[in-house]
Amino acid sequence: MLRAQAGDMAAFEELVRRHQHGLFSYLYRMCRNTSDAEEMAQVAMVKAWEKLGSFRGASSFKTWLYRIGTNLCFNLRTRRKPTEELSETMAAPDAARPEQAFQQKVREEVVQRALGRLPADQRAALVLSVYQDMSYREIAETMGKSVRAIDSLLFRAKTNVRKVLAQDRAKGII
């Protein structure tokens with residue numbers, strides 16, 4: 001990070017390599033649209049490069065970068081309504097277990113729909129916790145909230161996801 005702040009592009013490229021996949025994954029789960037997630041990930045990296053001088057090290061580079069991505073995602077959501085995106089690819093099922101592959105895909109889609117029904121801040125906290133494996137402190141830094149607020153957001157998010165999944169289970173979807 002210090003080398004990147006000193007203008008070493010190779011050092012910044014290494015930071016990009018370390019974090020680009022996780023950032024894209026997080027943004028995709030937040031906005032549920034591949035092209036938006038790709039664009040926001042690129043914009044976040046450019047903003048990070050432009051703002052390296054303002055990075056003070058109070059948090060990790062990862063949480064700082066995810067904070068930039070989170071802000072971009074929230075800004076996008078306020079500008080337009082979220083859209084559903086069809087799954088772009090579905091892995092070819094294992095010939096021995098096609099019904100298991102299908103059921104796994106259905107479960108993934110149900111979970112993604114449940115995440116999509118959450119308020120943006122609850123979804124962000126849950127995705128950062130479950131999919132990005134961040135600690136409460138890292139999530140708090142990323143979202144600009146207190147650890148206590150993150151604890152509350154995660155509790156509400158998990159409760160809301162359970163309700164949605166229970167409704168889907170009652171309907172026989174899962």
# chains A, B, ... in the order shown; residues from 1 in each chain; ligands from 1
$ residues_around --residues "Thr63 in chain A" --least-positions-apart "4" --cutoff "7 Å" --atoms "only C-alpha atoms" --output "PyMOL selection string"
chain A and resi 59+67+138+141-142
$ residues_around --residues "range 151-157 of chain A" --least-positions-apart "6" --cutoff "7 Å" --atoms "only C-alpha atoms" --output "mmCIF file with C-alpha atoms, in the first residue's frame"
data_model
loop_
_atom_site.group_PDB
_atom_site.id
_atom_site.type_symbol
_atom_site.label_atom_id
_atom_site.label_comp_id
_atom_site.auth_asym_id
_atom_site.auth_seq_id
_atom_site.Cartn_x
_atom_site.Cartn_y
_atom_site.Cartn_z
ATOM 1 C CA LEU A 118 -33.562 -7.178 1.861
ATOM 2 C CA GLN A 122 -28.971 -5.390 5.475
ATOM 3 C CA ARG A 123 -27.969 -7.080 2.213
ATOM 4 C CA ALA A 125 -23.864 -6.468 5.813
ATOM 5 C CA LEU A 126 -24.995 -10.052 5.164
#
$ residues_around --residues "Trp64 in chain A" --least-positions-apart "3" --cutoff "10 Å" --atoms "only C-alpha atoms" --output "list in words"
Ala48, Phe55, Arg56, Gly57, Ala58, Ser59, Ser60, Phe61, Arg67, Ile68, Gly69, Thr70, Glu138, Glu141, Thr142, Met143 and Gly144 of chain A
$ write_last_selection --atoms "N, CA and C atoms" --output "compact mmCIF listing (two decimals), in the first residue's frame"
# COMPACT_ATOMS: atom_id res chain seq x y z
N ALA A 48 -10.09 4.38 -6.20
CA ALA A 48 -9.08 4.03 -5.20
C ALA A 48 -7.71 4.57 -5.64
N PHE A 55 -5.92 7.87 1.66
CA PHE A 55 -5.98 6.67 2.50
C PHE A 55 -5.02 6.85 3.66
N ARG A 56 -5.54 6.79 4.89
CA ARG A 56 -4.74 7.06 6.09
C ARG A 56 -4.35 5.80 6.86
N GLY A 57 -4.87 4.66 6.45
CA GLY A 57 -4.52 3.43 7.13
C GLY A 57 -5.32 3.17 8.40
N ALA A 58 -6.39 3.92 8.62
CA ALA A 58 -7.23 3.69 9.80
C ALA A 58 -7.98 2.37 9.66
N SER A 59 -8.14 1.92 8.44
CA SER A 59 -8.76 0.63 8.16
C SER A 59 -7.86 -0.10 7.17
N SER A 60 -8.22 -1.31 6.82
CA SER A 60 -7.43 -2.03 5.83
C SER A 60 -7.77 -1.51 4.44
N PHE A 61 -6.87 -1.74 3.49
CA PHE A 61 -7.14 -1.35 2.12
C PHE A 61 -8.42 -2.03 1.63
N ARG A 67 -15.69 -0.09 0.82
CA ARG A 67 -16.51 1.08 1.17
C ARG A 67 -16.78 1.91 -0.08
N ILE A 68 -15.76 2.09 -0.91
CA ILE A 68 -15.94 2.80 -2.17
C ILE A 68 -16.98 2.07 -3.01
N GLY A 69 -16.84 0.74 -3.12
CA GLY A 69 -17.80 -0.06 -3.88
C GLY A 69 -19.20 0.02 -3.31
N THR A 70 -19.31 -0.03 -1.99
CA THR A 70 -20.62 0.06 -1.34
C THR A 70 -21.29 1.38 -1.67
N GLU A 138 -14.62 -5.27 10.35
CA GLU A 138 -14.35 -4.94 8.95
C GLU A 138 -15.61 -4.47 8.23
N GLU A 141 -16.29 -0.92 9.28
CA GLU A 141 -15.41 0.01 8.58
C GLU A 141 -15.86 0.19 7.13
N THR A 142 -16.23 -0.91 6.50
CA THR A 142 -16.66 -0.85 5.10
C THR A 142 -17.92 -0.03 4.93
N MET A 143 -18.85 -0.20 5.87
CA MET A 143 -20.15 0.47 5.74
C MET A 143 -20.22 1.80 6.48
N GLY A 144 -19.17 2.14 7.22
CA GLY A 144 -19.18 3.40 7.94
C GLY A 144 -20.18 3.42 9.09
$ atom_distance --atom1 "CA of Tyr26 in chain A" --atom2 "CA of Met40 in chain A"
10.7 Å
$ closest_residue --among "A:Asn33, A:Ser129, A:Gln112, A:Gln42" --to "Gln20 in chain A" --atoms "only C-alpha atoms"
A:Gln42
$ atom_distance --atom1 "CA of Ala41 in chain A" --atom2 "CA of Gly22 in chain A"
9.7 Å
$ residues_around --residues "Glu50 in chain A" --least-positions-apart "4" --cutoff "12 Å" --atoms "only C-alpha atoms" --output "PyMOL selection string"
chain A and resi 4-5+7+9+12+43-46+54-55+65+68
$ select_by_dssp --residues "range 16-153 of chain A" --states "helix (DSSP H, G or I)" --output "number ranges by chain"
A: 16-31, 34-50, 52-54, 61-79, 98-116, 120-130, 136-143, 147-153
$ write_last_selection --atoms "C-alpha atoms" --output "compact mmCIF listing (two decimals), in the first residue's frame"
# COMPACT_ATOMS: atom_id res chain seq x y z
CA VAL A 16 -6.03 -4.89 -7.72
CA ARG A 17 -5.13 -8.55 -8.35
CA ARG A 18 -5.67 -9.39 -4.69
CA HIS A 19 -9.04 -7.71 -4.36
CA GLN A 20 -10.74 -7.52 -7.76
CA HIS A 21 -12.46 -10.91 -7.64
CA GLY A 22 -13.82 -10.44 -4.12
CA LEU A 23 -14.95 -6.89 -4.88
CA PHE A 24 -16.74 -7.99 -8.05
CA SER A 25 -18.37 -10.90 -6.22
CA TYR A 26 -19.60 -8.57 -3.47
CA LEU A 27 -20.91 -5.96 -5.92
CA TYR A 28 -22.66 -8.62 -8.00
CA ARG A 29 -24.49 -9.92 -4.96
CA MET A 30 -25.43 -6.38 -4.06
CA CYS A 31 -26.74 -5.20 -7.43
CA THR A 34 -23.13 -8.56 -14.01
CA SER A 35 -22.52 -5.50 -16.15
CA ASP A 36 -23.27 -3.10 -13.29
CA ALA A 37 -21.00 -5.07 -10.95
CA GLU A 38 -18.17 -5.07 -13.51
CA GLU A 39 -18.55 -1.35 -14.10
CA MET A 40 -18.72 -0.51 -10.40
CA ALA A 41 -15.68 -2.68 -9.66
CA GLN A 42 -13.70 -0.84 -12.33
CA VAL A 43 -14.89 2.56 -11.13
CA ALA A 44 -14.05 1.61 -7.54
CA MET A 45 -10.50 0.67 -8.56
CA VAL A 46 -10.06 3.92 -10.48
CA LYS A 47 -11.39 5.93 -7.54
CA ALA A 48 -9.08 4.03 -5.20
CA TRP A 49 -6.10 4.92 -7.43
CA GLU A 50 -7.18 8.57 -7.59
CA LEU A 52 -4.71 6.78 -2.63
CA GLY A 53 -3.31 9.94 -1.10
CA SER A 54 -6.34 10.23 1.18
CA PHE A 61 -7.14 -1.35 2.12
CA LYS A 62 -9.78 -4.04 1.56
CA THR A 63 -12.40 -2.41 3.76
CA TRP A 64 -11.57 1.01 2.29
CA LEU A 65 -11.99 -0.36 -1.24
CA TYR A 66 -15.23 -2.15 -0.36
CA ARG A 67 -16.51 1.08 1.17
CA ILE A 68 -15.94 2.80 -2.17
CA GLY A 69 -17.80 -0.06 -3.88
CA THR A 70 -20.62 0.06 -1.34
CA ASN A 71 -21.10 3.79 -1.91
CA LEU A 72 -21.15 3.27 -5.68
CA CYS A 73 -23.74 0.52 -5.31
CA PHE A 74 -25.97 2.58 -3.00
CA ASN A 75 -25.71 5.54 -5.39
CA LEU A 76 -26.71 3.32 -8.33
CA ARG A 77 -29.69 1.97 -6.40
CA THR A 78 -30.96 5.48 -5.67
CA ARG A 79 -30.70 6.45 -9.34
CA PRO A 98 -28.44 -34.02 -12.69
CA GLU A 99 -31.30 -33.64 -10.20
CA GLN A 100 -28.86 -32.62 -7.43
CA ALA A 101 -27.26 -30.02 -9.70
CA PHE A 102 -30.71 -28.69 -10.58
CA GLN A 103 -31.81 -28.53 -6.94
CA GLN A 104 -28.58 -26.73 -5.99
CA LYS A 105 -29.21 -24.16 -8.74
CA VAL A 106 -32.79 -23.67 -7.53
CA ARG A 107 -31.57 -23.19 -3.93
CA GLU A 108 -29.01 -20.61 -5.10
CA GLU A 109 -31.68 -18.70 -7.00
CA VAL A 110 -34.03 -18.76 -3.99
CA VAL A 111 -31.28 -17.42 -1.72
CA GLN A 112 -30.41 -14.70 -4.25
CA ARG A 113 -34.10 -13.68 -4.45
CA ALA A 114 -34.25 -13.60 -0.65
CA LEU A 115 -31.15 -11.38 -0.57
CA GLY A 116 -32.72 -9.16 -3.21
CA ALA A 120 -29.65 -2.46 0.83
CA ASP A 121 -27.84 -1.99 4.14
CA GLN A 122 -28.97 -5.39 5.47
CA ARG A 123 -27.97 -7.08 2.21
CA ALA A 124 -24.56 -5.38 2.25
CA ALA A 125 -23.86 -6.47 5.81
CA LEU A 126 -25.00 -10.05 5.16
CA VAL A 127 -23.07 -10.41 1.89
CA LEU A 128 -19.91 -9.01 3.48
CA SER A 129 -20.28 -11.41 6.40
CA VAL A 130 -21.27 -14.60 4.60
CA TYR A 136 -18.03 -7.32 12.24
CA ARG A 137 -15.26 -4.73 12.64
CA GLU A 138 -14.35 -4.94 8.95
CA ILE A 139 -18.00 -4.69 7.93
CA ALA A 140 -18.42 -1.67 10.20
CA GLU A 141 -15.41 0.01 8.58
CA THR A 142 -16.66 -0.85 5.10
CA MET A 143 -20.15 0.47 5.74
CA VAL A 147 -20.00 -2.67 15.26
CA ARG A 148 -23.21 -2.56 17.31
CA ALA A 149 -25.13 -1.30 14.25
CA ILE A 150 -23.66 -4.13 12.16
CA ASP A 151 -24.71 -6.67 14.77
CA SER A 152 -28.25 -5.30 14.57
CA LEU A 153 -28.24 -5.21 10.75
